[in-house]
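To keep things clear, I will list the structure first and then write my remarks on it.
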Amino acid sequence: MASAKINILSFLLLLLCVMVSFSWAQMFHFPDKAQLELSDVLNKECGCTDYSDRDRPPEGRLQESPWLALFYYPDETVHFCHGTLITPAHILTTAVCASNVVVNSTDVILGEYDFSVEQDCEGVKCADPVQKRLAQKILIHEGFDQETFENDIAVVVIREVMISESIKPICLPLIKFEIGSVNQPNVYNTLWTTLPRPQQHWMHYVELNECRQLIGDKINLNDGQICARSFNNRSIELAGGAGSALEVEYHHRMYQVAMLSIGIVDSKPGTPYIYVDIPKYVKWIHDTVKNNLRE
């Protein structure tokens, strides 16, 4: 009789545990949900394209990176820096780039794909026209150091763009996720060089100690900086490439995990490039955007 009571009690405890576990599962914010809901200004309608393959071709495809932005001096035909759209009215870029932006003068172009044609098309699929905006406000990290490039990050405010398949924000890692050996081959630095279409360079991380050895005394790496180099040890053409995104596919969305800051001039192929470590600046980005919303 006592054994039967124990069995019934055990069953009831097990049932209670299952019910509690189910209840917690309903309440628990899984990482995907948290990435999209932790901020009320970032990661809205972000990071999605029509491309589901994780390995990306060397040359970008139409609407594959619709968050890329380009900065131009007035009347110039060649961009001087890159950026990424993180809200319809905010461009993330480097402090060095933002220092060269002039309010109500510098053009910001979004939705570009192929410089050699008037309208971007692949087969029967065509993109919406590019959208041009003037830089309206420049917000540079208060700790930016021009000598060491520490805190090389900024936000440029523009008049809101119309979101479409050709123009949309990239996601930012509100919760840091590790880019391990499984994801490493899928990390790309996408940017325009002298070619008419954006190039997608397959990259991998370089540990800081190794990076310091490879770059020598040319720059003193600081907290908030990380290193990456071409997976195939190739040199990347960097003219106007600062501010471009290091992108990774994570749960079917594209996230910007770093931003190109510095390339060592006249370096050997395979030398690492210096990037801004985005997860370390997510709070600064969120607060800067939050405090500078357009009315």
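Letters for chains follow the order of the structure tokens (A, B, ...), residue numbers begin at 1 for each chain, and ligand numbers begin at 1 in the order shown.
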Please provide the set of residues having any atom within 6 Å of region 63-78 of chain A, restricted to only C-alpha atoms, with same-chain residues fewer than 3 positions apart removed, written as an MDAnalysis selection string.
-> chainID A and resid 81:85 106:110 166:170
Using only C-alpha atoms, determine which residues lie at most 10 Å from Glu59 (chain A), disregarding the query and same-chain residues fewer than 2 positions distant; provide the list as a count of residues only.
-> 14
What is the distance between CA of Arg212 (chain A) and CA of Val282 (chain A), in Å to one decimal?
-> 25.0 Å
If you run DSSP on this backbone, which residues of region 106-271 of chain A come out as strand (DSSP E), and could you give them as a ChimeraX atom specification?
-> /A:107-110,121-122,125-126,131-134,137-140,154-157,187-191,199-206,225-230,245-250,253-262
All alpha helix (DSSP H) residues (DSSP, backbone) inside region 22-152 of chain A, as a list of chain:residue names |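 Checking each residue of region 22-152 of chain A, the alpha helix (DSSP H) ones are A:Phe22, A:Ser23, A:Trp24, A:Ala25, A:Gln26, A:Met27, A:Pro31, A:Asp32, A:Lys33, A:Ala34, A:Gln35, A:Leu36, A:Glu37, A:Ala95, A:Val96, A:Cys97, A:Ala98, A:Ser99.
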